[in-house]
file upload.cif (mmCIF, C-alpha atoms)
data_run
#
loop_
_atom_site.group_PDB
_atom_site.id
_atom_site.type_symbol
_atom_site.label_atom_id
_atom_site.label_comp_id
_atom_site.auth_asym_id
_atom_site.auth_seq_id
_atom_site.Cartn_x
_atom_site.Cartn_y
_atom_site.Cartn_z
ATOM 1 C CA GLY L 21 91.668 172.785 191.657
ATOM 2 C CA CYS L 22 91.972 171.367 188.162
ATOM 3 C CA LEU L 23 89.052 173.341 186.756
ATOM 4 C CA LEU L 24 89.959 173.628 183.080
ATOM 5 C CA GLN L 25 89.537 170.002 182.013
ATOM 6 C CA ASN L 26 86.852 167.814 180.500
ATOM 7 C CA VAL L 27 87.727 164.254 181.510
ATOM 8 C CA SER L 28 85.867 164.208 184.821
ATOM 9 C CA GLY L 29 82.400 162.725 185.166
ATOM 10 C CA HIS L 30 80.898 166.095 184.165
ATOM 11 C CA GLY L 31 82.968 166.395 180.986
ATOM 12 C CA ASN L 32 82.342 169.480 178.892
ATOM 13 C CA ARG L 33 79.674 170.735 181.303
ATOM 14 C CA SER L 34 82.319 171.412 183.935
ATOM 15 C CA LEU L 35 84.714 172.983 181.465
ATOM 16 C CA GLY L 36 81.936 175.108 179.970
ATOM 17 C CA TYR L 37 80.931 176.375 183.398
ATOM 18 C CA TYR L 38 84.386 177.720 184.214
ATOM 19 C CA LEU L 39 84.960 179.099 180.741
ATOM 20 C CA GLY L 40 81.575 180.775 181.106
ATOM 21 C CA LEU L 41 82.711 182.499 184.306
ATOM 22 C CA LEU L 42 85.684 183.943 182.450
ATOM 23 C CA GLY L 43 83.382 185.020 179.635
ATOM 24 C CA MET L 44 81.016 186.796 182.026
ATOM 25 C CA ALA L 45 83.946 188.558 183.662
ATOM 26 C CA ARG L 46 85.068 189.834 180.266
ATOM 27 C CA LEU L 47 81.562 191.074 179.393
ATOM 28 C CA ARG L 48 81.379 192.932 182.704
ATOM 29 C CA GLY L 49 84.816 194.449 182.273
ATOM 30 C CA CYS L 50 86.046 192.613 185.354
ATOM 31 C CA PRO L 51 89.733 191.614 185.288
ATOM 32 C CA ALA L 52 90.258 187.854 185.685
ATOM 33 C CA VAL L 53 93.256 186.173 187.280
ATOM 34 C CA LEU L 54 93.916 182.432 187.484
ATOM 35 C CA ALA L 55 96.042 181.389 190.453
ATOM 36 C CA ALA L 56 97.660 177.937 190.751
ATOM 37 C CA ALA L 57 95.277 176.694 188.067
ATOM 38 C CA GLY L 58 95.141 173.123 186.871
ATOM 39 C CA VAL L 59 94.798 172.965 183.082
ATOM 40 C CA GLY L 60 93.953 169.744 181.275
ATOM 41 C CA PRO L 61 93.450 167.204 180.057
ATOM 42 C CA ILE L 62 91.194 168.853 177.477
ATOM 43 C CA LEU L 63 89.863 166.495 174.816
ATOM 44 C CA GLY L 64 88.455 167.636 171.495
ATOM 45 C CA ALA L 65 89.465 170.425 169.111
ATOM 46 C CA GLY L 66 86.409 172.539 169.931
ATOM 47 C CA ALA L 67 87.027 172.385 173.678
ATOM 48 C CA ARG L 68 90.673 173.297 173.227
ATOM 49 C CA GLN L 69 89.786 176.244 170.972
ATOM 50 C CA ALA L 70 87.210 177.528 173.469
ATOM 51 C CA THR L 71 89.729 177.232 176.306
ATOM 52 C CA ALA L 72 92.405 179.035 174.285
ATOM 53 C CA ALA L 73 89.996 181.900 173.557
ATOM 54 C CA ALA L 74 89.071 182.222 177.229
ATOM 55 C CA LEU L 75 92.675 182.181 178.398
ATOM 56 C CA ARG L 76 93.486 185.067 176.089
ATOM 57 C CA THR L 77 91.129 187.238 178.156
ATOM 58 C CA VAL L 78 92.891 186.497 181.457
ATOM 59 C CA ARG L 79 95.024 189.324 182.826
ATOM 60 C CA GLU L 80 97.512 187.139 184.724
ATOM 61 C CA MET L 81 97.860 183.416 185.256
ATOM 62 C CA THR L 82 99.885 180.923 187.262
ATOM 63 C CA VAL L 83 99.559 177.139 187.054
ATOM 64 C CA ARG L 84 100.097 174.439 189.620
ATOM 65 C CA ASP L 85 102.241 171.918 187.729
ATOM 66 C CA GLY L 86 104.424 171.374 184.692
ATOM 67 C CA GLY L 87 101.705 169.619 182.710
ATOM 68 C CA SER L 88 99.377 172.582 183.128
ATOM 69 C CA LEU L 89 102.188 174.931 182.106
ATOM 70 C CA ARG L 90 102.857 172.993 178.905
ATOM 71 C CA LEU L 91 99.198 172.765 177.892
ATOM 72 C CA ALA L 92 98.464 176.413 178.694
ATOM 73 C CA SER L 93 101.451 177.437 176.589
ATOM 74 C CA GLU L 94 100.277 175.208 173.727
ATOM 75 C CA LEU L 95 96.912 176.981 173.861
ATOM 76 C CA GLY L 96 98.591 180.367 173.473
ATOM 77 C CA ALA L 97 98.490 181.491 177.105
ATOM 78 C CA HIS L 98 101.515 182.952 178.853
ATOM 79 C CA PRO L 99 101.519 181.830 182.503
ATOM 80 C CA LEU L 100 103.843 183.669 184.853
ATOM 81 C CA GLY L 101 105.043 180.299 186.116
ATOM 82 C CA ILE L 102 104.232 177.447 188.463
ATOM 83 C CA GLN L 103 102.643 178.318 191.798
ATOM 84 C CA GLN L 104 102.362 175.775 194.572
ATOM 85 C CA ASP L 105 98.891 174.383 195.135
ATOM 86 C CA PRO L 106 97.325 176.339 198.044
ATOM 87 C CA ALA L 107 96.608 173.041 199.808
ATOM 88 C CA TRP L 108 100.305 172.845 200.693
ATOM 89 C CA GLY L 109 99.791 175.799 203.042
ATOM 90 C CA THR L 110 97.352 173.888 205.262
ATOM 91 C CA ARG L 111 98.551 172.923 208.714
ATOM 92 C CA PRO L 112 97.021 170.455 211.190
ATOM 93 C CA LEU L 113 95.405 171.629 214.392
ATOM 94 C CA PRO L 114 97.683 171.779 217.464
ATOM 95 C CA ALA L 115 98.708 168.361 218.734
ATOM 96 C CA ARG L 116 97.363 169.051 222.233
ATOM 97 C CA GLY L 117 93.819 167.760 222.412
ATOM 98 C CA ARG L 118 94.037 166.405 218.890
ATOM 99 C CA ARG L 119 91.853 163.454 219.789
ATOM 100 C CA THR L 120 88.920 165.811 220.366
ATOM 101 C CA SER L 121 89.491 169.201 218.772
ATOM 102 C CA GLY L 122 91.093 167.592 215.754
ATOM 103 C CA CYS L 123 87.917 165.727 214.890
ATOM 104 C CA PRO L 124 85.188 167.077 212.650
ATOM 105 C CA GLU L 125 82.666 169.496 214.068
ATOM 106 C CA ARG L 126 79.989 167.031 213.017
ATOM 107 C CA HIS L 127 80.514 163.456 211.978
ATOM 108 C CA ARG L 128 78.518 160.299 211.607
ATOM 109 C CA ASP L 129 79.165 156.602 211.525
ATOM 110 C CA LEU L 130 77.060 156.071 208.425
ATOM 111 C CA CYS L 131 77.457 152.333 208.050
ATOM 112 C CA PRO L 132 74.892 150.298 210.011
ATOM 113 C CA THR L 133 76.764 147.088 209.234
ATOM 114 C CA ALA L 134 80.029 148.250 210.824
ATOM 115 C CA PRO L 135 81.399 145.627 213.249
ATOM 116 C CA LEU L 136 80.904 146.097 216.972
ATOM 117 C CA GLN L 137 84.555 147.041 217.371
ATOM 118 C CA ALA L 138 83.987 150.153 215.265
ATOM 119 C CA THR L 139 83.656 153.600 216.789
ATOM 120 C CA GLU L 140 80.034 154.619 217.157
ATOM 121 C CA GLY L 141 80.610 158.168 215.962
ATOM 122 C CA ARG L 142 79.836 160.092 219.151
ATOM 123 C CA ALA L 143 80.421 163.837 219.114
ATOM 124 C CA GLY L 144 83.949 164.801 220.149
ATOM 125 C CA THR L 145 85.549 161.417 219.450
ATOM 126 C CA GLY L 146 87.808 160.345 216.623
ATOM 127 C CA PRO L 147 88.149 157.044 214.806
ATOM 128 C CA ALA L 148 89.577 154.296 216.986
ATOM 129 C CA PRO L 149 93.004 153.085 215.799
ATOM 130 C CA PRO L 150 94.172 151.049 214.068
ATOM 131 C CA TYR L 151 92.544 152.338 210.930
ATOM 132 C CA CYS L 152 93.434 153.345 207.412
ATOM 133 C CA CYS L 153 91.865 156.177 205.442
ATOM 134 C CA ILE L 154 90.325 155.914 201.996
ATOM 135 C CA LEU L 155 89.488 159.016 199.961
ATOM 136 C CA PRO L 156 87.511 157.871 196.912
ATOM 137 C CA ARG L 157 85.929 159.661 194.016
ATOM 138 C CA PRO L 158 83.543 158.534 191.271
ATOM 139 C CA ALA L 159 85.090 156.988 188.179
ATOM 140 C CA GLY L 160 85.691 159.277 185.232
ATOM 141 C CA GLU L 161 83.325 157.160 183.106
ATOM 142 C CA LYS L 162 80.015 155.742 184.330
ATOM 143 C CA LYS L 163 80.862 152.375 182.794
ATOM 144 C CA ASP L 164 83.825 152.131 185.195
ATOM 145 C CA ALA L 165 81.788 152.885 188.329
ATOM 146 C CA GLU L 166 81.018 149.251 189.133
ATOM 147 C CA GLY L 167 84.669 148.279 188.930
ATOM 148 C CA VAL L 168 85.643 151.050 191.364
ATOM 149 C CA LEU L 169 82.939 149.982 193.818
ATOM 150 C CA CYS L 170 83.942 146.329 193.701
ATOM 151 C CA ALA L 171 87.633 147.072 194.141
ATOM 152 C CA LEU L 172 87.223 149.500 197.042
ATOM 153 C CA SER L 173 84.707 147.364 198.920
ATOM 154 C CA SER L 174 86.959 144.310 198.558
ATOM 155 C CA VAL L 175 89.938 146.287 199.871
ATOM 156 C CA VAL L 176 87.945 147.542 202.873
ATOM 157 C CA ARG L 177 86.767 144.030 203.714
ATOM 158 C CA ARG L 178 90.220 142.485 203.301
ATOM 159 C CA LEU L 179 92.009 145.063 205.450
ATOM 160 C CA TRP L 180 89.490 144.423 208.229
ATOM 161 C CA GLU L 181 89.512 140.632 208.024
ATOM 162 C CA GLU L 182 93.245 140.115 207.524
ATOM 163 C CA ARG L 183 94.817 143.067 209.345
ATOM 164 C CA GLY L 184 92.129 144.248 211.749
ATOM 165 C CA TRP L 185 92.255 147.733 210.239
ATOM 166 C CA MET L 186 89.022 149.653 210.147
ATOM 167 C CA SER L 187 88.627 151.710 206.965
ATOM 168 C CA VAL L 188 87.663 155.319 207.590
ATOM 169 C CA ILE L 189 86.210 156.574 204.321
ATOM 170 C CA LEU L 190 86.283 160.330 203.836
ATOM 171 C CA PRO L 191 84.243 162.174 201.182
ATOM 172 C CA MET L 192 86.316 165.202 200.198
ATOM 173 C CA ASP L 193 83.583 166.402 197.851
ATOM 174 C CA ARG L 194 80.422 165.704 199.838
ATOM 175 C CA ARG L 195 78.152 166.135 196.833
ATOM 176 C CA GLN L 196 80.108 163.798 194.566
ATOM 177 C CA ASP L 197 81.659 161.304 196.967
ATOM 178 C CA THR L 198 79.234 160.643 199.824
ATOM 179 C CA GLY L 199 76.975 158.224 197.974
ATOM 180 C CA LEU L 200 79.995 156.265 196.797
ATOM 181 C CA CYS L 201 81.321 156.082 200.360
ATOM 182 C CA TYR L 202 78.007 154.736 201.657
ATOM 183 C CA GLU L 203 77.906 152.076 198.973
ATOM 184 C CA VAL L 204 81.486 150.942 199.582
ATOM 185 C CA CYS L 205 80.673 150.384 203.259
ATOM 186 C CA ARG L 206 77.421 148.604 202.452
ATOM 187 C CA ARG L 207 79.084 146.184 200.080
ATOM 188 C CA ALA L 208 82.089 145.590 202.316
ATOM 189 C CA GLY L 209 79.949 144.979 205.389
ATOM 190 C CA THR L 210 82.340 147.102 207.402
ATOM 191 C CA GLY L 211 83.951 150.541 207.440
ATOM 192 C CA GLN L 212 83.009 153.988 208.636
ATOM 193 C CA VAL L 213 82.171 157.119 206.659
ATOM 194 C CA TRP L 214 83.278 160.359 208.290
ATOM 195 C CA THR L 215 82.198 163.771 207.070
ATOM 196 C CA VAL L 216 84.822 166.423 207.783
ATOM 197 C CA TYR L 217 84.258 170.168 207.443
ATOM 198 C CA ARG L 218 87.776 171.562 207.977
ATOM 199 C CA GLU L 219 90.989 170.670 206.205
ATOM 200 C CA GLU L 220 92.914 170.837 209.488
ATOM 201 C CA ALA L 221 90.568 168.311 211.072
ATOM 202 C CA LEU L 222 90.944 166.021 208.074
ATOM 203 C CA MET L 223 94.718 166.146 208.455
ATOM 204 C CA ASN L 224 94.513 165.173 212.110
ATOM 205 C CA ILE L 225 92.408 162.133 211.239
ATOM 206 C CA LEU L 226 94.893 161.176 208.522
ATOM 207 C CA ALA L 227 97.845 161.693 210.881
ATOM 208 C CA GLN L 228 96.611 158.986 213.258
ATOM 209 C CA SER L 229 95.962 156.425 210.530
ATOM 210 C CA CYS L 230 98.140 153.555 209.347
ATOM 211 C CA GLY L 231 98.076 154.854 205.791
ATOM 212 C CA VAL L 232 95.995 156.514 203.082
ATOM 213 C CA LEU L 233 94.539 155.303 199.789
ATOM 214 C CA SER L 234 93.488 158.343 197.780
ATOM 215 C CA MET L 235 91.830 158.864 194.414
ATOM 216 C CA ARG L 236 92.024 162.648 194.915
ATOM 217 C CA LEU L 237 95.126 164.793 194.522
ATOM 218 C CA HIS L 238 94.446 166.865 197.617
ATOM 219 C CA GLY L 239 94.065 163.675 199.626
ATOM 220 C CA LEU L 240 97.649 162.806 198.679
ATOM 221 C CA ILE L 241 98.851 166.306 199.555
ATOM 222 C CA PHE L 242 97.128 166.249 202.950
ATOM 223 C CA ALA L 243 98.530 162.776 203.651
ATOM 224 C CA ARG L 244 102.065 164.011 202.976
ATOM 225 C CA LEU L 245 101.550 167.069 205.159
ATOM 226 C CA SER L 246 100.210 164.760 207.887
ATOM 227 C CA GLY L 247 103.298 162.557 207.705
ATOM 228 C CA VAL L 248 101.579 159.295 206.751
ATOM 229 C CA PRO L 249 102.310 156.985 203.803
ATOM 230 C CA ALA L 250 99.899 157.083 200.895
ATOM 231 C CA VAL L 251 98.984 155.147 197.766
ATOM 232 C CA ALA L 252 97.484 156.871 194.714
ATOM 233 C CA LEU L 253 94.695 155.126 192.789
ATOM 234 C CA SER L 254 93.705 156.612 189.428
ATOM 235 C CA TYR L 255 90.029 157.281 188.775
ATOM 236 C CA ASP L 256 90.611 157.981 185.077
ATOM 237 C CA ASP L 257 93.810 157.144 183.230
ATOM 238 C CA ARG L 258 93.324 160.140 180.903
ATOM 239 C CA ASP L 259 93.888 162.481 183.848
ATOM 240 C CA GLY L 260 97.585 162.430 184.641
ATOM 241 C CA LYS L 261 97.733 164.685 187.705
ATOM 242 C CA LEU L 262 97.817 161.810 190.222
ATOM 243 C CA GLN L 263 100.538 160.042 188.277
ATOM 244 C CA THR L 264 102.546 163.254 187.979
ATOM 245 C CA TYR L 265 102.278 163.871 191.718
ATOM 246 C CA ALA L 266 103.191 160.260 192.499
ATOM 247 C CA ALA L 267 106.302 160.432 190.320
ATOM 248 C CA GLU L 268 107.421 163.727 191.851
ATOM 249 C CA HIS L 269 106.944 162.623 195.454
ATOM 250 C CA GLY L 270 107.764 158.914 195.354
ATOM 251 C CA VAL L 271 104.201 157.763 196.005
ATOM 252 C CA PRO L 272 103.073 154.360 194.661
ATOM 253 C CA PHE L 273 100.647 154.853 191.770
ATOM 254 C CA LEU L 274 98.030 152.318 190.704
ATOM 255 C CA LYS L 275 96.102 152.578 187.462
ATOM 256 C CA ARG L 276 92.348 152.359 187.186
ATOM 257 C CA GLY L 277 91.286 148.729 187.013
ATOM 258 C CA THR L 278 93.995 147.503 189.388
ATOM 259 C CA SER L 279 92.713 144.439 191.216
ATOM 260 C CA ALA L 280 91.586 144.663 194.825
ATOM 261 C CA ASP L 281 94.270 142.114 195.757
ATOM 262 C CA VAL L 282 97.055 144.318 194.411
ATOM 263 C CA ILE L 283 95.595 147.457 196.031
ATOM 264 C CA ALA L 284 95.304 145.760 199.428
ATOM 265 C CA LYS L 285 98.833 144.355 199.234
ATOM 266 C CA MET L 286 100.191 147.792 198.326
ATOM 267 C CA MET L 287 98.347 149.345 201.266
ATOM 268 C CA GLU L 288 99.730 146.709 203.615
ATOM 269 C CA ARG L 289 103.261 147.205 202.296
ATOM 270 C CA GLU L 290 103.206 150.994 202.492
ATOM 271 C CA SER L 291 101.234 151.466 205.715
ATOM 272 C CA THR L 292 102.660 151.825 209.205
ATOM 273 C CA PRO L 293 100.779 149.773 211.846
#
call {"tool": "encode", "arguments": {"input": "upload.cif", "output": "C-alpha cells"}}
result
Amino acid sequence: GCLLQNVSGHGNRSLGYYLGLLGMARLRGCPAVLAAAGVGPILGAGARQATAAALRTVREMTVRDGGSLRLASELGAHPLGIQQDPAWGTRPLPARGRRTSGCPERHRDLCPTAPLQATEGRAGTGPAPPYCCILPRPAGEKKDAEGVLCALSSVVRRLWEERGWMSVILPMDRRQDTGLCYEVCRRAGTGQVWTVYREEALMNILAQSCGVLSMRLHGLIFARLSGVPAVALSYDDRDGKLQTYAAEHGVPFLKRGTSADVIAKMMERESTP
C-alpha cells in the first residue's frame, strides 16, 4: 500500500508509525526491505526529512509507480525500480459455482431500509443483479466528509430510482470504511453493504456487476482484473495515485467535490447493463 504518506485522514500519525517500524528494525539490527512501496505525497519539510532519514536505513527498495520513484529519489533513496503492485497477482475464484463459492464467507445486508427487491443476505448467496459496486473511503479531511456522504448517497438513490441498479457497497478497510458504508445506505434509503474477507471473493462480486465506482486504488485494480468498467473518484486531491492510475489505464477520473449528478451520469455511461 501507499504507506509513506501523510495526506490521509491519519496524517503524520500514519507516516510516523511506518517510519517508526523502520527505526525499530534499525535499532534491532534487522535488515529492512520495502517492496512495491507507495511513497508520497509527503507534506512538510520535517516529514520529508524524517522520511529521507528512514529510507537511508533500508537495505533494498522497489516502488509501485513513477510518482513514488521520483519522490523517493528526491529524498535521497535509490530504489531498484518499479515493481508491480502485488494486487495485480490476484485471480478470481473458478467460474464454476461462482454464485456460491465466490461470495464472502460471511456477509450481511446491513441496511434495514433496503427495498424489498434487494437480496436479504442469506449465507451462500450473492448480490442479485443488476447491481453496481461502490468502494468508498473516508475523505482526506474531516471537513470534506459531509460532501462525500451527500454525493455517494445521492448516487446510490439515483441509480436505484432511475436505472433499477442496486448499489452493493463494499468496505475494503473494514475499520475505516464500514461506518461510512452504513451511513451512505441510511441516507440513500437503499443499497446493501457487503463485508468480504477474501480478495478473490471480492473480484467475483465485482465481475457480476454493471460497473464499479471506487475511491480506493485497489478497488480499481480489482475491477480491471474482474473485467468490469470502473470510475475513479478522488477522496483527496493532494493524493495523486488514483489520477495516475486512471491516466495510465484509461479510467474516467473525477475530482473530490464532483456533483452527484455528474458521478451518476458517468457511472451510467461507463457501466454495462
call {"tool": "resolve_selection", "arguments": {"input": "upload.cif", "expression": "the PyMOL selection byres ((chain L and resi 169) around 12)", "output": "PyMOL selection string"}}
result
chain L and resi 156-159+162-168+170-176+197+199-208+255+276-277+279-280
call {"tool": "closest_residue", "arguments": {"input": "upload.cif", "among": "L:Arg236, L:Arg76, L:His269, L:Lys275", "to": "L:Cys22", "atoms": "all atoms listed in the file"}}
result
L:Arg236
call {"tool": "residues_around", "arguments": {"input": "upload.cif", "residues": "L:Thr264", "least_positions_apart": "4", "cutoff": "12 Å", "atoms": "only C-alpha atoms", "output": "number ranges by chain"}}
result
L: 84-88, 237, 240, 252, 254, 257, 259-260, 268-273
call {"tool": "atom_distance", "arguments": {"input": "upload.cif", "atom1": "atom CA of L:Ala266", "atom2": "atom CA of L:Met81"}}
result
24.8 Å
call {"tool": "residues_around", "arguments": {"input": "upload.cif", "residues": "L:Leu54", "least_positions_apart": "5", "cutoff": "12 Å", "atoms": "all atoms listed in the file", "output": "ChimeraX atom specification"}}
result
/L:21-24,38-39,41-42,59,74-84,92,97-103
call {"tool": "closest_residue", "arguments": {"input": "upload.cif", "among": "L:Leu155, L:Ala243, L:Ala221, L:Ala250", "to": "L:Leu190", "atoms": "all atoms listed in the file"}}
result
L:Leu155
call {"tool": "resolve_selection", "arguments": {"input": "upload.cif", "expression": "the PyMOL selection byres ((chain L and resi 192) around 10)", "output": "PyMOL selection string"}}
result
chain L and resi 155-157+189-191+193-198+214-217+219+222+236+238-239
call {"tool": "closest_residue", "arguments": {"input": "upload.cif", "among": "L:Val232, L:Met223, L:Leu35, L:Ala57", "to": "L:Val188", "atoms": "only C-alpha atoms"}}
result
L:Val232
call {"tool": "resolve_selection", "arguments": {"input": "upload.cif", "expression": "the PyMOL selection byres ((chain L and resi 247) around 12)", "output": "PDB file with C-alpha atoms, in the coordinates of the input"}}
result
ATOM      1  CA  ARG L 111      98.551 172.923 208.714  1.00  0.00           C
ATOM      2  CA  PRO L 112      97.021 170.455 211.190  1.00  0.00           C
ATOM      3  CA  MET L 223      94.718 166.146 208.455  1.00  0.00           C
ATOM      4  CA  ASN L 224      94.513 165.173 212.110  1.00  0.00           C
ATOM      5  CA  ILE L 225      92.408 162.133 211.239  1.00  0.00           C
ATOM      6  CA  LEU L 226      94.893 161.176 208.522  1.00  0.00           C
ATOM      7  CA  ALA L 227      97.845 161.693 210.881  1.00  0.00           C
ATOM      8  CA  GLN L 228      96.611 158.986 213.258  1.00  0.00           C
ATOM      9  CA  SER L 229      95.962 156.425 210.530  1.00  0.00           C
ATOM     10  CA  CYS L 230      98.140 153.555 209.347  1.00  0.00           C
ATOM     11  CA  GLY L 231      98.076 154.854 205.791  1.00  0.00           C
ATOM     12  CA  VAL L 232      95.995 156.514 203.082  1.00  0.00           C
ATOM     13  CA  LEU L 240      97.649 162.806 198.679  1.00  0.00           C
ATOM     14  CA  ILE L 241      98.851 166.306 199.555  1.00  0.00           C
ATOM     15  CA  PHE L 242      97.128 166.249 202.950  1.00  0.00           C
ATOM     16  CA  ALA L 243      98.530 162.776 203.651  1.00  0.00           C
ATOM     17  CA  ARG L 244     102.065 164.011 202.976  1.00  0.00           C
ATOM     18  CA  LEU L 245     101.550 167.069 205.159  1.00  0.00           C
ATOM     19  CA  SER L 246     100.210 164.760 207.887  1.00  0.00           C
ATOM     20  CA  VAL L 248     101.579 159.295 206.751  1.00  0.00           C
ATOM     21  CA  PRO L 249     102.310 156.985 203.803  1.00  0.00           C
ATOM     22  CA  ALA L 250      99.899 157.083 200.895  1.00  0.00           C
ATOM     23  CA  SER L 291     101.234 151.466 205.715  1.00  0.00           C
ATOM     24  CA  THR L 292     102.660 151.825 209.205  1.00  0.00           C
TER      25      THR L 292
END
call {"tool": "atom_distance", "arguments": {"input": "upload.cif", "atom1": "atom CA of L:Ser234", "atom2": "atom CA of L:Leu262"}}
result
9.4 Å
call {"tool": "residues_around", "arguments": {"input": "upload.cif", "residues": "L:Ser187", "least_positions_apart": "4", "cutoff": "8 Å", "atoms": "all atoms listed in the file", "output": "ChimeraX atom specification"}}
result
/L:151-154,176,179-180,210-212
call {"tool": "atom_distance", "arguments": {"input": "upload.cif", "atom1": "atom CA of L:Tyr37", "atom2": "atom CA of L:Ala70"}}
result
11.8 Å
call {"tool": "closest_residue", "arguments": {"input": "upload.cif", "among": "L:Leu95, L:Val213, L:Trp108, L:Leu47", "to": "L:Pro147", "atoms": "all atoms listed in the file"}}
result
L:Val213
call {"tool": "axis_aligned_box", "arguments": {"input": "upload.cif", "around": "stretch 83-90 of chain L", "padding_each_side": "6 Å", "output": "JSON"}}
result
{"center_x": 101.9, "center_y": 173.4, "center_z": 184.3, "size_x": 17.0, "size_y": 19.5, "size_z": 22.7}
call {"tool": "decode", "arguments": {"input": "upload.cif", "residues": "stretch 69-84 of chain L", "atoms": "N, CA and C atoms", "output": "mmCIF file, in the first residue's frame"}}
result
data_model
loop_
_atom_site.group_PDB
_atom_site.id
_atom_site.type_symbol
_atom_site.label_atom_id
_atom_site.label_comp_id
_atom_site.auth_asym_id
_atom_site.auth_seq_id
_atom_site.Cartn_x
_atom_site.Cartn_y
_atom_site.Cartn_z
ATOM 1 N N GLN L 69 12.102 15.243 5.747
ATOM 2 C CA GLN L 69 13.423 14.952 6.297
ATOM 3 C C GLN L 69 13.424 13.635 7.077
ATOM 4 N N ALA L 70 12.349 13.415 7.861
ATOM 5 C CA ALA L 70 12.269 12.171 8.632
ATOM 6 C C ALA L 70 12.165 10.969 7.706
ATOM 7 N N THR L 71 11.403 11.113 6.618
ATOM 8 C CA THR L 71 11.261 10.017 5.661
ATOM 9 C C THR L 71 12.589 9.749 4.962
ATOM 10 N N ALA L 72 13.291 10.810 4.585
ATOM 11 C CA ALA L 72 14.590 10.636 3.922
ATOM 12 C C ALA L 72 15.567 9.897 4.832
ATOM 13 N N ALA L 73 15.578 10.250 6.118
ATOM 14 C CA ALA L 73 16.483 9.588 7.063
ATOM 15 C C ALA L 73 16.147 8.105 7.199
ATOM 16 N N ALA L 74 14.856 7.795 7.243
ATOM 17 C CA ALA L 74 14.444 6.397 7.378
ATOM 18 C C ALA L 74 14.794 5.593 6.136
ATOM 19 N N LEU L 75 14.601 6.186 4.966
ATOM 20 C CA LEU L 75 14.878 5.462 3.733
ATOM 21 C C LEU L 75 16.360 5.153 3.571
ATOM 22 N N ARG L 76 17.197 5.972 4.171
ATOM 23 C CA ARG L 76 18.637 5.696 4.091
ATOM 24 C C ARG L 76 19.033 4.439 4.856
ATOM 25 N N THR L 77 18.166 3.959 5.742
ATOM 26 C CA THR L 77 18.476 2.758 6.516
ATOM 27 C C THR L 77 17.977 1.489 5.835
ATOM 28 N N VAL L 78 17.232 1.629 4.753
ATOM 29 C CA VAL L 78 16.635 0.480 4.072
ATOM 30 C C VAL L 78 17.680 -0.201 3.198
ATOM 31 N N ARG L 79 17.739 -1.523 3.288
ATOM 32 C CA ARG L 79 18.744 -2.264 2.511
ATOM 33 C C ARG L 79 18.419 -2.239 1.027
ATOM 34 N N GLU L 80 17.188 -2.581 0.663
ATOM 35 C CA GLU L 80 16.767 -2.565 -0.739
ATOM 36 C C GLU L 80 15.354 -1.996 -0.803
ATOM 37 N N MET L 81 14.985 -1.493 -1.978
ATOM 38 C CA MET L 81 13.682 -0.863 -2.099
ATOM 39 C C MET L 81 13.200 -0.903 -3.540
ATOM 40 N N THR L 82 11.942 -1.269 -3.719
ATOM 41 C CA THR L 82 11.263 -1.075 -5.005
ATOM 42 C C THR L 82 10.005 -0.260 -4.736
ATOM 43 N N VAL L 83 9.531 0.442 -5.749
ATOM 44 C CA VAL L 83 8.328 1.268 -5.608
ATOM 45 C C VAL L 83 7.295 0.812 -6.623
ATOM 46 N N ARG L 84 6.054 1.262 -6.420
ATOM 47 C CA ARG L 84 4.986 0.717 -7.250
ATOM 48 C C ARG L 84 4.576 1.608 -8.417
#
